[in-house]
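Working notes, structure below.
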Amino acid sequence: MRTRALVLFLSLAIPASASAQLMGDMHRDVNDVQKKFTDLAKAIPEPAYSWRPTGARSVGEVFLHIAADNYLIPVSMGKPAPASTGISATDFKTAETFEKRKLTKDQIIAELDASFKHLHEAMGLTTDANLNENIKFFGQDWSRQRAMLATVTHLHEHLGQMIAYARSNSVAPPWSR
């Protein structure tokens with residue numbers, strides 16, 4: 001009887017403890033990717049912010065795209081974008097307008113910092129207790145956990161892109177030197 005009780009307890013406790021770590025891990029990962037974006041943004045010379053591969057966003061536009069999505073994605077999590085961004089939950093073109101603004105390198109870095117602060121606040125609305133709750137994510141029913149994983153994946157996709165952009169401009173990522 002003790003063995004059955006122990007097995008039942010462990011089968012219930014292990015998944016709970018594993019998920020209890022998820023949001024902490026997500027915040028740590030986003031902190032890490034944020035630092036890498038900021039370090040890259042500072043390392044890339046300002047003239048290179050207008051550089052772009054054929055048919056793709058420029059360096060500056062990618063950084064602003066990241067910031068725009070750090071404001072747009074949290075709308076699904078229950079945190080609207082600040083009015084000052086002009087980003088609307090119902091009109092995705094507002095995010096495109098945000099990322100095409102002509103800003104200085106320092107202004108872009110400031111936008112990145114502010115957007116990551118906003119993203120962390122929105123992430124705080126997803127807790128280990130409500131990971132399985134369904135939300136509307138770009139019009140589809142997704143669990144909060146799936147939306148968080150997509151958010152982190154999106155950031156890493158663009159981190160890889162920015163590493164390639166930096167290296168194309170003879171800039172080695174500061175953490176890899």
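By convention here, the chains of the structure tokens are called A, B, ... in the order presented, each chain's residues are numbered starting at 1, and ligands are numbered starting at 1 in the order presented.
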Write out as a PyMOL selection string all residues of chain A that DSSP puts in helix (DSSP H, G or I) for this structure's backbone.
chain A and resi 2-20+22-43+46-50+59-77+83-85+93-99+105-123+144-168+174-176
Out of chain A, which residues get strand (DSSP E or B) from DSSP, as a compact mmCIF listing (two decimals) with C-alpha atoms, in the first residue's frame?
```txt
# COMPACT_ATOMS: atom_id res chain seq x y z
CA ASN A 134 -6.30 29.00 -23.01
CA ILE A 135 -5.83 32.47 -24.44
CA LYS A 136 -6.38 33.96 -27.88
CA PHE A 137 -2.94 34.15 -29.50
CA GLN A 140 -6.13 31.10 -32.24
CA ASP A 141 -6.75 29.20 -29.02
CA TRP A 142 -3.38 28.48 -27.43
CA SER A 143 -2.34 27.61 -23.91
```
Using only C-alpha atoms, pick whichever of A:Gly55, A:Gly60, A:Gly86, A:Gly124 has the shortest atom-to-atom distance to Pro74 of chain A.
A:Gly124
Between atom CA of Tyr165 of chain A and atom CA of Asp106 of chain A, distance in Å (one decimal)
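Result for atom CA of Tyr165 of chain A versus atom CA of Asp106 of chain A: 18.3 Å, one decimal.
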Exercise: Asp39 of chain A partners within 12 Å, only C-alpha atoms, chain neighbours under 3 positions left out, as a PyMOL selection string:
chain A and resi 32-36+42-45+63+109+112-113+159+162-163+166+171-176
Using the selection just defined, write its residues with N, CA and C atoms as a JSON list (two decimals), in the first residue's frame.
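Heads up, here's the output in result-v6.json:
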```
[["chain", "number", "residue", "atom", "x", "y", "z"],
["A", 32, "ASP", "N", 18.59, 36.57, -20.53],
["A", 32, "ASP", "CA", 19.82, 36.25, -21.26],
["A", 32, "ASP", "C", 19.76, 36.76, -22.70],
["A", 33, "VAL", "N", 18.65, 36.49, -23.38],
["A", 33, "VAL", "CA", 18.54, 36.93, -24.78],
["A", 33, "VAL", "C", 18.48, 38.46, -24.84],
["A", 34, "GLN", "N", 17.84, 39.08, -23.86],
["A", 34, "GLN", "CA", 17.80, 40.55, -23.81],
["A", 34, "GLN", "C", 19.21, 41.13, -23.71],
["A", 35, "LYS", "N", 20.03, 40.56, -22.83],
["A", 35, "LYS", "CA", 21.40, 41.05, -22.68],
["A", 35, "LYS", "C", 22.17, 40.88, -23.99],
["A", 36, "LYS", "N", 21.97, 39.76, -24.66],
["A", 36, "LYS", "CA", 22.67, 39.54, -25.93],
["A", 36, "LYS", "C", 22.22, 40.53, -26.99],
["A", 42, "LYS", "N", 24.71, 47.52, -29.06],
["A", 42, "LYS", "CA", 25.76, 48.47, -28.70],
["A", 42, "LYS", "C", 27.03, 48.24, -29.52],
["A", 43, "ALA", "N", 27.30, 46.99, -29.88],
["A", 43, "ALA", "CA", 28.54, 46.66, -30.59],
["A", 43, "ALA", "C", 28.49, 47.02, -32.08],
["A", 44, "ILE", "N", 27.31, 46.98, -32.65],
["A", 44, "ILE", "CA", 27.18, 47.29, -34.09],
["A", 44, "ILE", "C", 27.27, 48.80, -34.27],
["A", 45, "PRO", "N", 28.16, 49.27, -35.14],
["A", 45, "PRO", "CA", 28.29, 50.72, -35.34],
["A", 45, "PRO", "C", 27.01, 51.31, -35.95],
["A", 63, "PHE", "N", 15.95, 45.22, -34.91],
["A", 63, "PHE", "CA", 15.90, 45.57, -33.49],
["A", 63, "PHE", "C", 14.53, 46.17, -33.14],
["A", 109, "ILE", "N", 18.16, 51.32, -28.89],
["A", 109, "ILE", "CA", 18.54, 50.57, -27.68],
["A", 109, "ILE", "C", 17.58, 50.88, -26.55],
["A", 112, "LEU", "N", 14.44, 48.93, -27.18],
["A", 112, "LEU", "CA", 14.64, 47.52, -26.83],
["A", 112, "LEU", "C", 14.50, 47.32, -25.32],
["A", 113, "ASP", "N", 15.19, 48.16, -24.55],
["A", 113, "ASP", "CA", 15.14, 48.04, -23.09],
["A", 113, "ASP", "C", 13.72, 48.19, -22.57],
["A", 159, "LEU", "N", 17.61, 36.49, -32.59],
["A", 159, "LEU", "CA", 18.98, 36.57, -32.08],
["A", 159, "LEU", "C", 19.93, 35.95, -33.10],
["A", 162, "MET", "N", 20.36, 38.33, -35.90],
["A", 162, "MET", "CA", 21.20, 39.48, -35.57],
["A", 162, "MET", "C", 22.67, 39.11, -35.44],
["A", 163, "ILE", "N", 22.95, 37.89, -35.03],
["A", 163, "ILE", "CA", 24.34, 37.42, -35.00],
["A", 163, "ILE", "C", 24.87, 37.38, -36.43],
["A", 166, "ALA", "N", 25.39, 40.95, -37.60],
["A", 166, "ALA", "CA", 26.58, 41.53, -36.98],
["A", 166, "ALA", "C", 27.84, 41.01, -37.68],
["A", 171, "VAL", "N", 31.34, 42.43, -37.10],
["A", 171, "VAL", "CA", 31.19, 42.59, -35.65],
["A", 171, "VAL", "C", 31.00, 41.21, -35.04],
["A", 172, "ALA", "N", 31.91, 40.83, -34.17],
["A", 172, "ALA", "CA", 31.77, 39.57, -33.46],
["A", 172, "ALA", "C", 30.88, 39.80, -32.24],
["A", 173, "PRO", "N", 29.93, 38.89, -31.99],
["A", 173, "PRO", "CA", 29.11, 39.05, -30.79],
["A", 173, "PRO", "C", 30.00, 39.17, -29.56],
["A", 174, "PRO", "N", 29.76, 40.18, -28.71],
["A", 174, "PRO", "CA", 30.64, 40.42, -27.56],
["A", 174, "PRO", "C", 30.86, 39.20, -26.66],
["A", 175, "TRP", "N", 29.86, 38.35, -26.51],
["A", 175, "TRP", "CA", 29.99, 37.20, -25.61],
["A", 175, "TRP", "C", 30.78, 36.07, -26.24],
["A", 176, "SER", "N", 31.11, 36.15, -27.53],
["A", 176, "SER", "CA", 31.84, 35.06, -28.19],
["A", 176, "SER", "C", 33.31, 35.37, -28.42]]
```
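A straight line drawn from atom CA of Arg144 of chain A to atom CA of Leu131 of chain A is 5.0 Å long.
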